[in-house]
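For reference, the structure is listed below as structure tokens.
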Amino acid sequence: MPPVASARSDASPPGDPSAGRCVLAVDVGGTTMKGGVFDSDGQLRHSVVVPSRADGDPVGALRDLCRRLRDAALAGGATPAGIGVVTPGIVDEAAGLVRYASNIRFRDVPLRALVHDDLGLPVAIGHDARAAGVAEAVAGAGRGLANFVLLPLGTGIAATVVLHGEPVPGTAWSAGEVGHMPVHPGGEPCPCGQRGCLEVYASAGGLARRYARLGGTPGLDSRAIAAAASTDPLAGSVWDTATHALGIALATLTLTLDPARIVLGGGLAEAGAQLFDPVREALRAALAWRTAPEVVPSAFGVQAAQVGAAILARRAAGLPVPDGWAAPVSAPVGS
């Protein structure tokens, strides 16, 4: 897999203690775990993707991946300074504990202690969406802003509220569960037990399930549904409902938080203008008396959480994170 980021010429200034040292970063998802070795300038030098093994031993798989990354870094002549691991779910970052993550079958996993025992390195444990927010704040679509909101649109939908460069975790480390915001009260059932949740209509997983449930071609994923929206009336209807529901949700976030910018990431955001144009229109229509904030794509796309994990690893190791570290070379599609 090619690097997702490129070094800025000034990313590691003379005298930088991180020069010649790398960090390891792991983004744990419900289907795969993505591991990477990032050099001191923020370039992704080595990557590994493995199954999450939700039906086997996901904790063991994660620990194996961390060891593989360390060994790959050493084999390449680099010295690992630290590692960052980010997961979905309820993540107590201060304690280094994943309290609950249903998609990967983690419950009260002392992840920081386990990884430290394996590698003997400084370890940062974080929430995947909050880590993505850190990446966008340091070098992406939120750079230079006092506040913004990031919504990665994937299997589910979470939001990260970023204030002065740092994500807000919430009292119980579970802030941002906007996927369970009711956008259609009394609407279709959600696996969480509620009805009408945003995830039912506008997540990548929700789109696919809803299309199939309403009689669409079985097995189509969200990308295929988006591609068929102009020729398949059902796909078009499901897509329109998704973009409208997302626009309504963004209006609620706007009125509550007054963000300077809203950033959409995850695989669904790769649809570009097909997603962004109707979402922006729905957001504007839902705000009668105020101007809508701009809605832009993530600079890092599906790699945002992994880049955020690398930034957290540098912080855990006591290394500087220069403004713009790991900044992408080009603007994201759909901007």
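We name chains A, B, ... following the order of the structure tokens; residues begin at 1 in each chain, and ligands are numbered from 1 as shown.
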Env of range 215-218 of chain A: 12 Å cut, atoms = only C-alpha atoms, seq-sep filter 6 positions within chain, self excluded. Answer as a ChimeraX atom specification. /A:207-209,224-225,228-229,232-238
Would you save the residues from that selection as a PDB file, in the first residue's frame, using N, CA and C atoms?
ATOM      1  N   LEU A 207     -26.796   1.913   5.099  1.00  0.00           N
ATOM      2  CA  LEU A 207     -27.233   2.028   3.708  1.00  0.00           C
ATOM      3  C   LEU A 207     -27.401   0.648   3.070  1.00  0.00           C
ATOM      4  N   ALA A 208     -26.379  -0.183   3.242  1.00  0.00           N
ATOM      5  CA  ALA A 208     -26.415  -1.512   2.619  1.00  0.00           C
ATOM      6  C   ALA A 208     -27.546  -2.362   3.188  1.00  0.00           C
ATOM      7  N   ARG A 209     -27.700  -2.322   4.520  1.00  0.00           N
ATOM      8  CA  ARG A 209     -28.763  -3.129   5.137  1.00  0.00           C
ATOM      9  C   ARG A 209     -30.137  -2.634   4.718  1.00  0.00           C
ATOM     10  N   ALA A 224     -21.415   0.604  -4.083  1.00  0.00           N
ATOM     11  CA  ALA A 224     -22.191   0.127  -5.220  1.00  0.00           C
ATOM     12  C   ALA A 224     -23.562   0.791  -5.268  1.00  0.00           C
ATOM     13  N   ILE A 225     -24.156   1.014  -4.108  1.00  0.00           N
ATOM     14  CA  ILE A 225     -25.459   1.684  -4.056  1.00  0.00           C
ATOM     15  C   ILE A 225     -25.331   3.115  -4.538  1.00  0.00           C
ATOM     16  N   ALA A 228     -25.097   3.185  -8.222  1.00  0.00           N
ATOM     17  CA  ALA A 228     -26.340   2.817  -8.906  1.00  0.00           C
ATOM     18  C   ALA A 228     -27.457   3.830  -8.692  1.00  0.00           C
ATOM     19  N   ALA A 229     -27.206   4.863  -7.899  1.00  0.00           N
ATOM     20  CA  ALA A 229     -28.286   5.775  -7.494  1.00  0.00           C
ATOM     21  C   ALA A 229     -28.957   6.468  -8.670  1.00  0.00           C
ATOM     22  N   ASP A 232     -30.912   3.113 -10.607  1.00  0.00           N
ATOM     23  CA  ASP A 232     -31.749   2.210  -9.816  1.00  0.00           C
ATOM     24  C   ASP A 232     -32.616   3.070  -8.892  1.00  0.00           C
ATOM     25  N   PRO A 233     -33.932   3.132  -9.126  1.00  0.00           N
ATOM     26  CA  PRO A 233     -34.790   4.001  -8.318  1.00  0.00           C
ATOM     27  C   PRO A 233     -34.700   3.727  -6.819  1.00  0.00           C
ATOM     28  N   LEU A 234     -34.583   2.450  -6.418  1.00  0.00           N
ATOM     29  CA  LEU A 234     -34.484   2.146  -5.002  1.00  0.00           C
ATOM     30  C   LEU A 234     -33.161   2.649  -4.438  1.00  0.00           C
ATOM     31  N   ALA A 235     -32.075   2.426  -5.166  1.00  0.00           N
ATOM     32  CA  ALA A 235     -30.784   2.935  -4.720  1.00  0.00           C
ATOM     33  C   ALA A 235     -30.821   4.446  -4.599  1.00  0.00           C
ATOM     34  N   GLY A 236     -31.462   5.108  -5.570  1.00  0.00           N
ATOM     35  CA  GLY A 236     -31.577   6.565  -5.513  1.00  0.00           C
ATOM     36  C   GLY A 236     -32.371   7.039  -4.310  1.00  0.00           C
ATOM     37  N   SER A 237     -33.458   6.318  -3.985  1.00  0.00           N
ATOM     38  CA  SER A 237     -34.283   6.684  -2.843  1.00  0.00           C
ATOM     39  C   SER A 237     -33.524   6.502  -1.530  1.00  0.00           C
ATOM     40  N   VAL A 238     -32.819   5.380  -1.408  1.00  0.00           N
ATOM     41  CA  VAL A 238     -32.048   5.110  -0.195  1.00  0.00           C
ATOM     42  C   VAL A 238     -30.942   6.151  -0.031  1.00  0.00           C
TER      43      VAL A 238
END
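Once Phe148 in chain A and its same-chain neighbours fewer than 3 positions away are set aside, A:Val162, A:Pro259, A:Ala260, A:Arg261, A:Ile262 remain within 6 Å of it when counting only C-alpha atoms.
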Here CA of Ile104 in chain A and CA of Pro58 in chain A stand apart by 6.6 Å
Name the residues in contact with Pro51 in chain A at a cut-off of 9 Å, using only C-alpha atoms, excluding same-chain residues fewer than 2 positions from it; report them as a short mmCIF file (atom, residue, chain, number, x, y, z; two decimals) with N, CA, C and O atoms, in the first residue's frame.
data_model
loop_
_atom_site.label_atom_id
_atom_site.label_comp_id
_atom_site.auth_asym_id
_atom_site.auth_seq_id
_atom_site.Cartn_x
_atom_site.Cartn_y
_atom_site.Cartn_z
N GLY A 29 -10.22 -1.93 13.48
CA GLY A 29 -11.58 -1.83 12.97
C GLY A 29 -12.33 -3.13 13.17
O GLY A 29 -11.77 -4.14 13.59
N GLY A 30 -13.61 -3.11 12.84
CA GLY A 30 -14.41 -4.30 13.01
C GLY A 30 -14.06 -5.41 12.05
O GLY A 30 -14.28 -6.59 12.34
N THR A 31 -13.49 -5.06 10.90
CA THR A 31 -13.13 -6.06 9.89
C THR A 31 -11.63 -6.27 9.80
O THR A 31 -11.16 -7.41 9.71
N THR A 32 -10.87 -5.19 9.81
CA THR A 32 -9.42 -5.29 9.69
C THR A 32 -8.73 -4.41 10.73
O THR A 32 -9.32 -3.49 11.29
N MET A 33 -7.46 -4.72 10.96
CA MET A 33 -6.57 -3.88 11.76
C MET A 33 -5.47 -3.38 10.84
O MET A 33 -4.81 -4.17 10.17
N LYS A 34 -5.30 -2.06 10.80
CA LYS A 34 -4.30 -1.45 9.93
C LYS A 34 -3.13 -0.96 10.77
O LYS A 34 -3.32 -0.13 11.67
N VAL A 49 -1.93 -4.91 6.99
CA VAL A 49 -3.37 -5.01 7.25
C VAL A 49 -3.69 -6.47 7.53
O VAL A 49 -3.33 -7.36 6.74
N ARG A 53 -10.30 -10.76 13.21
CA ARG A 53 -10.57 -12.07 13.80
C ARG A 53 -11.59 -11.97 14.93
O ARG A 53 -11.37 -12.45 16.04
N ALA A 54 -12.72 -11.34 14.61
CA ALA A 54 -13.75 -11.17 15.63
C ALA A 54 -14.26 -12.51 16.17
O ALA A 54 -14.77 -12.58 17.29
N PRO A 58 -9.27 -11.60 19.02
CA PRO A 58 -8.91 -10.27 18.51
C PRO A 58 -7.81 -9.60 19.32
O PRO A 58 -6.99 -8.87 18.75
N ALA A 61 -4.62 -11.17 18.15
CA ALA A 61 -4.29 -10.69 16.81
C ALA A 61 -3.68 -9.31 16.85
O ALA A 61 -2.72 -9.01 16.13
#
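The shell of residues at most 9 Å from Val115 in chain A, with only C-alpha atoms counted and near chain neighbours (fewer than 5 positions) removed, consists of Leu62, Arg63, Cys66, Arg67, Ile83, Pro110, Gly120, Leu121 and Val123 of chain A.
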